[in-house]
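**Q** The structure is given below, and queries will be raised subsequently.
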Amino acid sequence: MQTIKTTFNAGKLSAYLDGRVDISKYYNGCSQLVNAIPLSTGGITKRPGTRFIAKAKGPCRLIPFEFSADDTLVLEFSDLAIRFYKNCDRVMLPSTAISSITLLPDTEVAVDTTEAHGLQTGDVVRFADVLGTYELNYAGNFATEWTITKTSSTAFTLDGTNGSNFSEYEGGGTVAGIYSIASPYTIDDVWQLHYTQSGDVLYLTHPDYPPYTLSRYGDASWVIQEANLVGGPFLGENTTDTYLLGFTRTGGIARCGHYFPAGAIGTLTASGTGNAPFLPQHVGSLWMLKHTRPDNTMSTPDNTTNAVPTGTGIKIKGSFSFDVTVNSNTFKIWRRQGNGAWQEYRTFLANTAYTSDELDDDVYYTFTSSSSSGSAVLTAKDQTNVGIVKITGYISPTSVSATVIQPVLSNNSDDSAVTTSMWAEGAFNAYRGYPRTLVIHENRLWFASTSNNPQTLWGSSSSRFLNFTAGDTDSDAVTVTIEDSDVSNIQWMASDEYLVVGTANKEYKISASNIDDPITPDDVRCRVQSALGSNSMQPVHLNNTLFYFQGGGRTLRSMRLMDATLRYESDNATLLVDDIFDSLPVQIAVQRVPYAILWIVRQDGALVSFTYEPKEEVSAWSEHVTGGLLLTPHQGQFSSVCVIRGMPEDEVYVCVRRIIGGIEQYYIEQFAARYTGRQDTQSFLDCSTVFTANSQPVNIVYASDTVLYGFGNYGSGRYGGTV
């Protein structure tokens, strides 16, 4: 009996469903579906081939960087290094002109440049427009990229070459290095990275490292550095009155008015019986020192010509007053923030008792007059100063060296310490741990889950992603601790209608009391949504659904907000193919155009796809292999995947481990476009590239244990054979 199958939109089904004719999807599924993509229209299409982009530095993780729809890059995070890809190619350094190339038998090729090349030993370079020695010119494959040994600022040699194997040099040509920057993360670390992006900045977290920022200043100009967190965050304030801390200045920037300014260096000392808070692991951490100060007044104008002030003024946060008797004079109040320029704040032409409030941090006020007549008093009322120092060296449990980050109150007479019991330890350090995950939600950057505070979230000040200054206004930083008897680590956060949080045991949504209001320091609620438990992999969004892996990693959950209940419900997206992740997932990426697909790399080197169109009731799985994975597992294995927006469709990049000539290689490859407008240019070869032979483009595919196979069918010629 023959059965006509009209659709395959159930994709691969588990062997446990064999014979389950009572399930409707049984008739739309497959027992095996390899290198084919189920479509929402019901059919399946062959997976496109991959184009060779470049040879990776080694094992790596690919991470997308998207500034806009037409400004996207792929970042290759390898062992202690990052490389960059744009427009289907590497990002290269500026090229340098070649002055000569020396070719001697049994000697490595020597290259001289017309000016300093800026390269270092071990760098990889490309040549272009070299005449005569054409073998050096880049031809779109890794065999024409060369590793160098620097011999001088204007000379280098090509590792492993023999001058007798190259044609005579006739002149010209340029050389350029691959752009790369150093990274703090080892290859083992990169798989635990969580990231989020705003504009040209990628924010990164790892449980063993401080938060980092990766900032782009140009396609070949990136800086990765420890995030410069402002104002915290801090743990709870000390509650023992006899436990005191005090900062004593020994150098750096001198005392300024009532404060040790940012840049002052000295010693942070603990006093009080039993107060020994410091450990060697605190080096690099922030500590807060809060001091109250009596009313600070200023009664002498900075100058009597109403010129721009040159003095320090007084620091003000909160209420202040200005009582002025003009006596035919003109008075001006001036304001500056930090080390900025003085700006006119207000002019007084009549006797006035003026009061106001300053809400910003690190703000200074002063006043001037137009003559020496009249009088005025500027008063900062009930000032509470929040100073911050960064520990730079460990001395003892009661003493550490420190640098002032945010001005600390001094006694205005010498560099001795003004002690205080109002102090707090920074929330992030090597002793307390660093945040595991992060997200941007409601215009705040959120960190969460240190080893010391596994259920705590820290939200930045509104619109100031690195500012964690606590305060009383709605825009100040937010700290939320999930209060639950079932304590478990926060594994991930996601921004949806609510702030969604996955922990090892439960899933939560966090919002203000009124769902239409934003979260503020005084208005935040946390509600349990499910008790399934989450894996540590960051979730992704596709078709208004949040996908996350359940604890253990074998089950993919699809979480959606129910309009009727305003509650998130999680369904099992792997219910009908529960063996799809017997080999655990490694990385997940989202393609939206032309198909709505999740791409997931498994530990065994297979690439899994999940076509998802909920309105059409399409949720279909398929497996994808390369280099004969099913027959010879060591020939080709997917190791990483990421997707960036492109035209006319999203671009899928993969890192593939291949064995070429018995040697392990890692290649960056891109899925060939499906919609090129020409059927004769569709590519279904894996790791293929194109070069010109006899003026005809020729496809190249790297295959199994042979070196290279070439196949072409373009124009009027067909070419083939080993290369």
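So you can find residues: chains in the structure tokens are A, B, ... in the order shown, residues in each start at 1, and ligands are numbered from 1 in order.
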List every residue of region 352-575 of chain A that DSSP, applied to the backbone of this structure, places in strand (DSSP E or B), and write the result as an NGL selection string.
**A** :A and (352-358 or 363-369 or 375-380 or 383-396 or 399-406 or 408-409 or 420 or 422-426 or 429 or 433 or 437-441 or 444-448 or 456-459 or 461 or 464 or 467 or 478-481 or 490-495 or 499-503 or 507-511 or 520 or 523 or 525-530 or 534 or 540-542 or 545-550 or 556-562 or 567-572)
**Q** Neighbouring residues of region 216-220 of chain A were defined as those with any atom within 8 Å, considering only C-alpha atoms; residues of the same chain fewer than 5 positions away were excluded. Please report them as a ChimeraX atom specification.
**A** /A:91-93,179,200-201
**Q** Find the residues near Leu17 (chain A): any atom within 9 Å, counting only C-alpha atoms, skip ones fewer than 5 places away on the same chain, and give them as number ranges by chain.
**A** A: 23, 26, 576-577
**Q** Mind writing the picked residues with N, CA, C and O atoms as a tab-separated table (two decimals), in the first residue's frame?
**A**
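The resulting file, part-v5.tsv, is shown below:
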```tsv
chain	number	residue	atom	x	y	z
A	23	ILE	N	-1.44	10.19	16.71
A	23	ILE	CA	-0.92	11.55	16.78
A	23	ILE	C	-0.89	12.15	15.38
A	23	ILE	O	-0.32	11.56	14.46
A	26	TYR	N	2.31	12.46	13.40
A	26	TYR	CA	2.92	11.22	12.93
A	26	TYR	C	2.94	11.16	11.40
A	26	TYR	O	3.90	10.68	10.79
A	576	LEU	N	8.26	15.61	20.87
A	576	LEU	CA	8.12	14.55	19.87
A	576	LEU	C	9.45	14.04	19.33
A	576	LEU	O	9.47	13.14	18.49
A	577	VAL	N	10.54	14.63	19.80
A	577	VAL	CA	11.86	14.17	19.36
A	577	VAL	C	12.80	14.28	20.57
A	577	VAL	O	13.79	15.00	20.55
```
**Q** Out of A:Tyr243, A:Tyr364, A:Tyr134, A:Trp222, which residue has the shortest atom-to-atom distance to Tyr259 (chain A) when counting only C-alpha atoms?
**A**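 Closest residue, counting only C-alpha atoms: A:Tyr364.
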**Q** Using only C-alpha atoms, what table do you get, as a tab-separated table, when you list each residue of region 587-656 of chain A with an atom no more than 7 Å from region 40-45 of chain A, its nearest pair of atoms, and their distance in Å rounded to one decimal, rows by chain then rising number?
**A**
```
residue	atom	partner	partner_atom	distance
A:Glu613	CA	A:Ser40	CA	6.5
A:Glu616	CA	A:Ser40	CA	6.9
A:Val618	CA	A:Ser40	CA	5.9
```
**Q** Applying 10 Å and only C-alpha atoms, which residues near Gly553 (chain A) remain after dropping the ones on its own chain fewer than 4 positions away? List them as a VMD selection string.
**A** chain A and resid 534 to 537 548 to 549 581 to 586
**Q** Extract, using only C-alpha atoms, all DNA, RNA and protein residues at most 9 Å from Asp71 (chain A), discarding same-chain residues fewer than 3 positions from it, and format them as a list in words.
**A**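 My list of contacting residues is Phe65, Glu66, Phe67, Ser68, Lys86, Arg645 and Gly646 of chain A.
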**Q** Give me a file of those residues, with all heavy atoms, as a JSON list (two decimals), in the first residue's frame.
**A**
```
[["chain", "number", "residue", "atom", "x", "y", "z"],
["A", 65, "PHE", "N", 27.66, 40.65, 16.18],
["A", 65, "PHE", "CA", 27.72, 42.05, 16.58],
["A", 65, "PHE", "C", 26.90, 42.82, 15.55],
["A", 65, "PHE", "O", 27.27, 42.86, 14.37],
["A", 65, "PHE", "CB", 29.16, 42.55, 16.61],
["A", 65, "PHE", "CG", 29.31, 43.96, 17.13],
["A", 65, "PHE", "CD1", 29.56, 44.19, 18.46],
["A", 65, "PHE", "CD2", 29.21, 45.05, 16.28],
["A", 65, "PHE", "CE1", 29.72, 45.48, 18.95],
["A", 65, "PHE", "CE2", 29.36, 46.34, 16.74],
["A", 65, "PHE", "CZ", 29.61, 46.56, 18.09],
["A", 66, "GLU", "N", 25.78, 43.40, 15.98],
["A", 66, "GLU", "CA", 24.86, 44.06, 15.04],
["A", 66, "GLU", "C", 24.60, 45.48, 15.51],
["A", 66, "GLU", "O", 23.89, 45.70, 16.50],
["A", 66, "GLU", "CB", 23.55, 43.29, 14.94],
["A", 66, "GLU", "CG", 23.71, 41.88, 14.36],
["A", 66, "GLU", "CD", 22.38, 41.19, 14.13],
["A", 66, "GLU", "OE1", 21.37, 41.63, 14.72],
["A", 66, "GLU", "OE2", 22.34, 40.22, 13.36],
["A", 67, "PHE", "N", 25.17, 46.44, 14.80],
["A", 67, "PHE", "CA", 24.91, 47.85, 15.10],
["A", 67, "PHE", "C", 23.62, 48.31, 14.43],
["A", 67, "PHE", "O", 22.85, 49.07, 14.99],
["A", 67, "PHE", "CB", 26.09, 48.71, 14.64],
["A", 67, "PHE", "CG", 25.91, 50.17, 14.93],
["A", 67, "PHE", "CD1", 26.20, 50.67, 16.19],
["A", 67, "PHE", "CD2", 25.46, 51.04, 13.96],
["A", 67, "PHE", "CE1", 26.04, 52.02, 16.48],
["A", 67, "PHE", "CE2", 25.29, 52.39, 14.22],
["A", 67, "PHE", "CZ", 25.57, 52.88, 15.49],
["A", 68, "SER", "N", 23.42, 47.86, 13.19],
["A", 68, "SER", "CA", 22.21, 48.18, 12.44],
["A", 68, "SER", "C", 22.01, 47.08, 11.41],
["A", 68, "SER", "O", 22.81, 46.15, 11.30],
["A", 68, "SER", "CB", 22.33, 49.55, 11.75],
["A", 68, "SER", "OG", 23.37, 49.53, 10.78],
["A", 86, "LYS", "N", 33.60, 40.78, 8.49],
["A", 86, "LYS", "CA", 32.57, 41.66, 7.96],
["A", 86, "LYS", "C", 32.49, 41.49, 6.45],
["A", 86, "LYS", "O", 33.52, 41.30, 5.79],
["A", 86, "LYS", "CB", 32.86, 43.12, 8.31],
["A", 86, "LYS", "CG", 31.73, 44.08, 7.96],
["A", 86, "LYS", "CD", 31.99, 45.48, 8.51],
["A", 86, "LYS", "CE", 30.78, 46.37, 8.27],
["A", 86, "LYS", "NZ", 30.98, 47.73, 8.85],
["A", 645, "ARG", "N", 22.21, 39.70, 10.66],
["A", 645, "ARG", "CA", 21.29, 40.16, 9.61],
["A", 645, "ARG", "C", 22.05, 40.44, 8.33],
["A", 645, "ARG", "O", 23.19, 40.90, 8.36],
["A", 645, "ARG", "CB", 20.56, 41.41, 10.08],
["A", 645, "ARG", "CG", 19.46, 41.14, 11.08],
["A", 645, "ARG", "CD", 18.79, 42.40, 11.54],
["A", 645, "ARG", "NE", 19.67, 43.20, 12.40],
["A", 645, "ARG", "CZ", 19.32, 44.36, 12.94],
["A", 645, "ARG", "NH1", 18.13, 44.87, 12.68],
["A", 645, "ARG", "NH2", 20.17, 45.02, 13.71],
["A", 646, "GLY", "N", 21.40, 40.17, 7.21],
["A", 646, "GLY", "CA", 22.02, 40.40, 5.91],
["A", 646, "GLY", "C", 20.95, 40.64, 4.86],
["A", 646, "GLY", "O", 19.76, 40.66, 5.14]]
```
**Q** Got a sec: who's within 9 Å of Leu575 (chain A), counting only C-alpha atoms, leaving out chain neighbours fewer than 4 positions off, as a ChimeraX atom specification?
**A** /A:14,555-556,571
**Q** Got time to write the residues from that selection, all heavy atoms, as a PDB file, in the first residue's frame?
**A**
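Saved as again_25.pdb:
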```pdb
ATOM      1  N   SER A  14      10.900  11.198  17.113  1.00  0.00           N
ATOM      2  CA  SER A  14      11.607  10.210  17.904  1.00  0.00           C
ATOM      3  C   SER A  14      11.163   8.800  17.546  1.00  0.00           C
ATOM      4  O   SER A  14      10.008   8.561  17.162  1.00  0.00           O
ATOM      5  CB  SER A  14      11.355  10.465  19.394  1.00  0.00           C
ATOM      6  OG  SER A  14      11.819   9.385  20.170  1.00  0.00           O
ATOM      7  N   THR A 555      16.256  19.191  27.121  1.00  0.00           N
ATOM      8  CA  THR A 555      14.919  19.640  26.745  1.00  0.00           C
ATOM      9  C   THR A 555      14.931  21.125  26.431  1.00  0.00           C
ATOM     10  O   THR A 555      15.394  21.936  27.241  1.00  0.00           O
ATOM     11  CB  THR A 555      13.918  19.369  27.877  1.00  0.00           C
ATOM     12  OG1 THR A 555      13.880  17.968  28.156  1.00  0.00           O
ATOM     13  CG2 THR A 555      12.524  19.835  27.488  1.00  0.00           C
ATOM     14  N   LEU A 556      14.423  21.483  25.240  1.00  0.00           N
ATOM     15  CA  LEU A 556      14.264  22.889  24.873  1.00  0.00           C
ATOM     16  C   LEU A 556      12.839  23.306  25.214  1.00  0.00           C
ATOM     17  O   LEU A 556      11.873  22.651  24.804  1.00  0.00           O
ATOM     18  CB  LEU A 556      14.535  23.098  23.386  1.00  0.00           C
ATOM     19  CG  LEU A 556      14.472  24.559  22.915  1.00  0.00           C
ATOM     20  CD1 LEU A 556      15.665  25.344  23.446  1.00  0.00           C
ATOM     21  CD2 LEU A 556      14.417  24.653  21.395  1.00  0.00           C
ATOM     22  N   ASP A 571       6.278  25.339  27.182  1.00  0.00           N
ATOM     23  CA  ASP A 571       5.981  24.054  26.554  1.00  0.00           C
ATOM     24  C   ASP A 571       7.279  23.350  26.189  1.00  0.00           C
ATOM     25  O   ASP A 571       8.326  23.981  26.009  1.00  0.00           O
ATOM     26  CB  ASP A 571       5.133  24.256  25.295  1.00  0.00           C
ATOM     27  CG  ASP A 571       3.754  24.820  25.609  1.00  0.00           C
ATOM     28  OD1 ASP A 571       3.211  24.457  26.672  1.00  0.00           O
ATOM     29  OD2 ASP A 571       3.250  25.630  24.817  1.00  0.00           O
TER      30      ASP A 571
END
```
